[in-house]
Amino acid sequence: MAAPAGIRRVDEAVWELPPTFRPGMRVPVRVFATERLLADMDEQVLTQAANVATLPGIVGHSFAMPDAHWGYGFPIGGVAAMDVATGVISPGGIGFDINCGMRLALTNLTEEEVRPRIRELVDALFERVPAGVGTKGFVRLGESDFADVLEQGVGWCRRHGFATDEDLDRTEERGCFAGADAGKVSARALERGRNQLGTLGSGNHYLEIQVAHPAGVADPALAARFGITRPNQVVLMFHCGSRGFGHQVATDYLEVFLHAMKTQHGLAIIDRELACAPFRSREGQNYFAAMQCAVNMSFANRQVILHRVREVFEAVFHRSPADLGMDMVYDVAHNTAKLETHRVDGERRQLLVHRKGATRAFGPGMPGLPAVYAETGQPVIIGGSMETGSYLLAGVPSGAAAFYSTAHGSGRTMSRTKARKQFSGRDLERRLLAHGIYVRAASYAGLAEEAGPAYKDIDAVVEATEQAGLSRRVARFTPIGNVKG
Amino acid sequence: MPYEFLDDGVTSDVTFHAWGGSLEELFAAAADATLNVMVRSVESVRPLETRSASVEADELDLLLKRFLDELIYRKDVEELLLRATEVHVDAADHRVQAVLVGERIEPERHELVADVKGVTLHDLRVERAETGWHAYVTLDV
């Protein structure tokens, strides 16, 4: 894409489109990107970010992160904060896969110790963590149990032996958004989600065994604070969300909002995927309560998966998870709207921050961080494509300029259909194996869609977040084993 | 195969164009397109189980969306892969009735591809042309 007329460079990796870019914009659009990433960005990102800038109650800017790409309503990589009194809540600003997110856990094993067992480990993980189309998890839940999961998140897991106190502490919002109300969720959503706890899903969801090579550790002191202390240390990273449950919540409320926009709130519809309702309206509050159920379901899903992963390592290495040092680093949510207090023009205001395909990245000393990360800033987990590696970053004080938000991954550059035509899953599997990455995929066609060239350059994305002052590099990880949903 | 997958849709998901001489054919084609995102061959899905579907909506394109939502819902809840037969569309009242025929997911036998999780409203269109009906649908996967 050629940079549109009117875009202004504010800083090295910060660009701004003024409200005159299109009618109705209430605030400017701010894009965080290097010149190259901006040039490669879908044109739709700016159009969609400009649409977001028209939403009632938006505060500051409509943001696009360096990995932004074309989404529904909001771009993926879009961030917008709304005034709680005058602003709206929009399912399109959160996404269908509510609280799709990343989790990173440690081991005290090294690459040399794990490589000889990699097939055994990945095969066992593939067996124990169901992935792919229409899979069911191992946790059997009655209807009222599932409602408890939705309202309690990781707290439910703690009470049922799937989580430690430390896991709870090291999950964003302690693994539970407090305003969840299962009574605001449809029967259909409950039915779709009840059997899915402990499943990875498909698409871009995966579970990886990765290595922190010394050359990839950008900040050894900070890495040590996050538990990366030895050369070639093995870590576990996975990406998944609220499965069919979150999608059904989004689907249900999109229709409710479209109807209410026309009949009650007199709001103009620019794009049906940008349906919204005043946050303080009945529809807005109901969706907020239901959305938080999906957030909690997703935190619980990743927690139950971590429990399974620990069991697999215990079985393969005949050592307990505690002995293997399988502590969590952190768990971050990507697709959420959350009430947060931020300073705007010198005044502290409560805002509803929509982050869609973006990660919260609190700086050092911010309330809400566990004591262990009070000085370091929040760990941020960035998943790259299988072929390019992933990152651990940390939140920084200058993140305040974007309500403490940063990128979430590398972002696609190619449609799934095109990737499937261009790449073969079997070829990719062989190529990965030649590079020392053992993959088990629920679907080989699905694997082809995740080929490295279908994604933006993760190194460039991470560098841009650093240049833009959103987060800083701690360590880079290289995969050696992957379970692909 | 009265549908095609489009290369230039939303990068994270799948967009298809389906067509038919009638709305009934269009709805059946769109159901097959949705199924084909999940399994490599729709022909591999045998007609072993039958379900009935009855859906209504405010508008014709939303009717198609809700109809496809029904297939996704049954895939998650009953683990069923389904094709649409005996489709009847009431274009004036925006209602559809159909018999859904298929079978339970068997990963060993069905070559599974990607899970369809939702039907988006992104540029969703149902249009009438001289030659019949066309729909453009983006699925969230």
# chains A, B, ... in the order shown; residues from 1 in each chain; ligands from 1
>>> residues_around(residues="range 458-474 of chain A", least_positions_apart="4", cutoff="6 Å", atoms="only C-alpha atoms", output="list in words")
Ala13, Ala33, Thr34, Pro66, Asp67, Ala218, Asp219, Ala223, Gly384, Leu392, Leu393, Ala394, Gly395, Val396, Ser398, Gly399, Thr406 and Ser410 of chain A
>>> interface_residues(of="chain B", to="chain A", cutoff="8 Å", atoms="only C-alpha atoms", output="VMD selection string")
chain B and resid 5 to 14 38 73 75 to 77 79 105 111 to 122 140 to 141
>>> residues_around(residues="range 305-309 of chain A", least_positions_apart="6", cutoff="10 Å", atoms="only C-alpha atoms", output="short mmCIF file (atom, residue, chain, number, x, y, z; two decimals) with C-alpha atoms, in the first residue's frame")
data_model
loop_
_atom_site.label_atom_id
_atom_site.label_comp_id
_atom_site.auth_asym_id
_atom_site.auth_seq_id
_atom_site.Cartn_x
_atom_site.Cartn_y
_atom_site.Cartn_z
CA ARG A 103 0.44 -18.39 27.67
CA LEU A 104 4.12 -18.94 28.39
CA ALA A 105 5.43 -21.46 30.92
CA LEU A 121 6.65 -35.25 23.92
CA ALA A 124 1.85 -37.17 23.74
CA LEU A 125 0.81 -33.51 23.69
CA ARG A 128 -3.63 -35.23 25.33
CA VAL A 129 -4.54 -31.74 24.13
CA PRO A 130 -7.27 -32.22 21.52
CA GLY A 137 -12.03 -31.76 26.02
CA PHE A 138 -11.40 -34.17 28.88
CA CYS A 157 -9.50 -24.35 37.94
CA GLY A 161 -6.87 -28.99 41.10
CA PHE A 162 -5.98 -27.65 37.64
CA ALA A 163 -4.11 -24.54 38.81
CA THR A 164 -1.66 -23.41 41.48
CA ASP A 167 -0.73 -19.68 38.09
CA LEU A 197 -12.65 -26.88 27.93
CA GLY A 198 -9.11 -28.18 27.39
CA THR A 199 -9.16 -28.03 23.59
CA LEU A 200 -6.80 -26.08 21.39
CA LEU A 207 1.12 -25.32 21.31
CA LEU A 236 6.24 -23.81 26.43
CA MET A 237 4.07 -21.37 24.57
CA PHE A 238 0.52 -21.78 23.39
CA CYS A 240 -5.89 -20.52 21.90
CA PHE A 299 -8.44 -18.26 30.70
CA ALA A 315 5.00 -38.79 32.40
CA PRO A 321 6.03 -30.41 37.30
CA MET A 326 7.11 -25.70 35.06
CA ASP A 327 6.07 -22.32 36.40
CA MET A 328 4.05 -19.90 34.39
#
>>> atom_distance(atom1="CA of Leu267 in chain A", atom2="CA of Asn51 in chain A")
13.5 Å
>>> residues_around(residues="Asp83 in chain A", least_positions_apart="5", cutoff="9 Å", atoms="only C-alpha atoms", output="JSON, numbers by chain")
{"A": [56, 57, 58, 59, 88, 279, 349, 350, 351, 352, 353]}
>>> residues_around(residues="range 168-182 of chain A", least_positions_apart="4", cutoff="9 Å", atoms="only C-alpha atoms", output="PyMOL selection string")
chain A and resi 103+146-148+150-155+158+163-164+186+190+286+288-300+303+328-333+338+360+368-372
>>> write_last_selection(atoms="C-alpha atoms", output="tab-separated table (two decimals), in the first residue's frame")
chain	number	residue	atom	x	y	z
A	103	ARG	CA	0.44	-18.39	27.67
A	146	PHE	CA	-19.91	-24.64	33.25
A	147	ALA	CA	-21.63	-21.53	34.61
A	148	ASP	CA	-19.09	-21.58	37.47
A	150	LEU	CA	-17.68	-18.75	33.13
A	151	GLU	CA	-18.01	-16.65	36.25
A	152	GLN	CA	-14.84	-17.76	38.05
A	153	GLY	CA	-12.28	-18.51	35.29
A	154	VAL	CA	-8.96	-19.74	36.64
A	155	GLY	CA	-10.36	-19.58	40.20
A	158	ARG	CA	-7.69	-23.67	41.23
A	163	ALA	CA	-4.11	-24.54	38.81
A	164	THR	CA	-1.66	-23.41	41.48
A	186	SER	CA	-27.61	-17.82	25.36
A	190	LEU	CA	-23.59	-22.70	26.70
A	286	ASN	CA	-25.58	-7.54	28.91
A	288	PHE	CA	-20.21	-6.86	28.61
A	289	ALA	CA	-21.33	-9.47	31.18
A	290	ALA	CA	-21.52	-12.23	28.53
A	291	MET	CA	-18.22	-11.23	26.91
A	292	GLN	CA	-16.51	-11.49	30.29
A	293	CYS	CA	-17.86	-15.07	30.59
A	294	ALA	CA	-16.04	-15.88	27.35
A	295	VAL	CA	-12.91	-14.17	28.67
A	296	ASN	CA	-13.03	-16.37	31.76
A	297	MET	CA	-13.81	-19.52	29.76
A	298	SER	CA	-10.72	-18.83	27.68
A	299	PHE	CA	-8.44	-18.26	30.70
A	300	ALA	CA	-9.77	-21.54	32.14
A	303	GLN	CA	-5.19	-23.24	32.41
A	328	MET	CA	4.05	-19.90	34.39
A	329	VAL	CA	5.64	-16.72	33.13
A	330	TYR	CA	2.33	-15.09	32.22
A	331	ASP	CA	-0.96	-15.37	30.34
A	332	VAL	CA	-2.14	-12.48	28.18
A	333	ALA	CA	-5.51	-11.85	26.54
A	338	LYS	CA	-11.76	-3.99	29.83
A	360	ARG	CA	-2.20	-5.17	27.22
A	368	GLY	CA	-2.79	-4.95	38.51
A	369	LEU	CA	0.64	-6.47	38.02
A	370	PRO	CA	1.67	-9.29	40.38
A	371	ALA	CA	4.34	-8.29	42.91
A	372	VAL	CA	6.94	-10.37	41.09
>>> select_by_dssp(residues="chain B", states="strand (DSSP E)", output="MDAnalysis selection string")
chainID B and resid 3:6 14:20 49:56 80:90 95:104 118:119 125:129 132:140
>>> closest_residue(among="A:Thr263, A:Thr359, A:Ser390, A:Ser90", to="Gln378 in chain A", atoms="only C-alpha atoms")
A:Thr359
>>> residues_around(residues="Leu80 in chain B", least_positions_apart="2", cutoff="7 Å", atoms="only C-alpha atoms", output="ChimeraX atom specification")
/B:74-75,78,82,102-105
>>> atom_distance(atom1="CA of Asn36 in chain B", atom2="CA of Ser424 in chain A")
17.5 Å
>>> atom_distance(atom1="CA of Met102 in chain A", atom2="CA of Leu46 in chain A")
26.1 Å
>>> closest_residue(among="A:Arg36, A:His213, A:His61, A:Arg22", to="Glu112 in chain A", atoms="only C-alpha atoms")
A:His213
>>> residues_around(residues="Asp61 in chain B", least_positions_apart="6", cutoff="8 Å", atoms="only C-alpha atoms", output="ChimeraX atom specification")
/B:124-126
>>> select_by_dssp(residues="range 3-135 of chain B", states="helix (DSSP H, G or I)", output="JSON, numbers by chain")
{"B": [23, 24, 25, 26, 27, 28, 29, 30, 31, 32, 33, 34, 35, 36, 37, 38, 42, 43, 44, 60, 61, 62, 63, 64, 65, 66, 67, 68, 69, 70, 71, 72, 73, 74, 75, 76, 77, 78]}
>>> write_last_selection(atoms="C-alpha atoms", output="compact mmCIF listing (two decimals), in the first residue's frame")
# COMPACT_ATOMS: atom_id res chain seq x y z
CA LEU B 23 -32.51 -19.43 -3.58
CA GLU B 24 -32.88 -23.11 -2.64
CA GLU B 25 -29.85 -24.02 -4.76
CA LEU B 26 -27.93 -21.05 -3.41
CA PHE B 27 -28.52 -22.03 0.23
CA ALA B 28 -27.51 -25.65 -0.45
CA ALA B 29 -24.36 -24.45 -2.26
CA ALA B 30 -23.43 -22.10 0.59
CA ALA B 31 -23.89 -24.96 3.08
CA ASP B 32 -21.54 -27.13 1.00
CA ALA B 33 -18.98 -24.32 0.76
CA THR B 34 -19.04 -24.00 4.56
CA LEU B 35 -18.64 -27.77 4.93
CA ASN B 36 -15.80 -27.75 2.39
CA VAL B 37 -13.81 -25.34 4.58
CA MET B 38 -13.94 -28.01 7.28
CA VAL B 42 -17.94 -32.88 0.92
CA GLU B 43 -18.57 -36.21 -0.83
CA SER B 44 -16.81 -37.98 2.03
CA LEU B 60 -32.42 -12.28 3.27
CA ASP B 61 -28.65 -12.09 3.77
CA LEU B 62 -29.09 -12.49 7.52
CA LEU B 63 -31.28 -15.51 6.79
CA LEU B 64 -28.40 -17.17 4.95
CA LYS B 65 -26.07 -16.30 7.82
CA ARG B 66 -28.41 -17.83 10.39
CA PHE B 67 -28.85 -20.91 8.23
CA LEU B 68 -25.08 -21.42 8.11
CA ASP B 69 -24.86 -20.65 11.86
CA GLU B 70 -27.15 -23.68 12.34
CA LEU B 71 -24.63 -25.98 10.63
CA ILE B 72 -21.77 -24.64 12.76
CA TYR B 73 -23.80 -25.04 15.92
CA ARG B 74 -24.58 -28.69 15.13
CA LYS B 75 -20.93 -29.32 14.31
CA ASP B 76 -19.87 -28.13 17.78
CA VAL B 77 -22.73 -29.53 19.83
CA GLU B 78 -23.44 -32.83 18.07
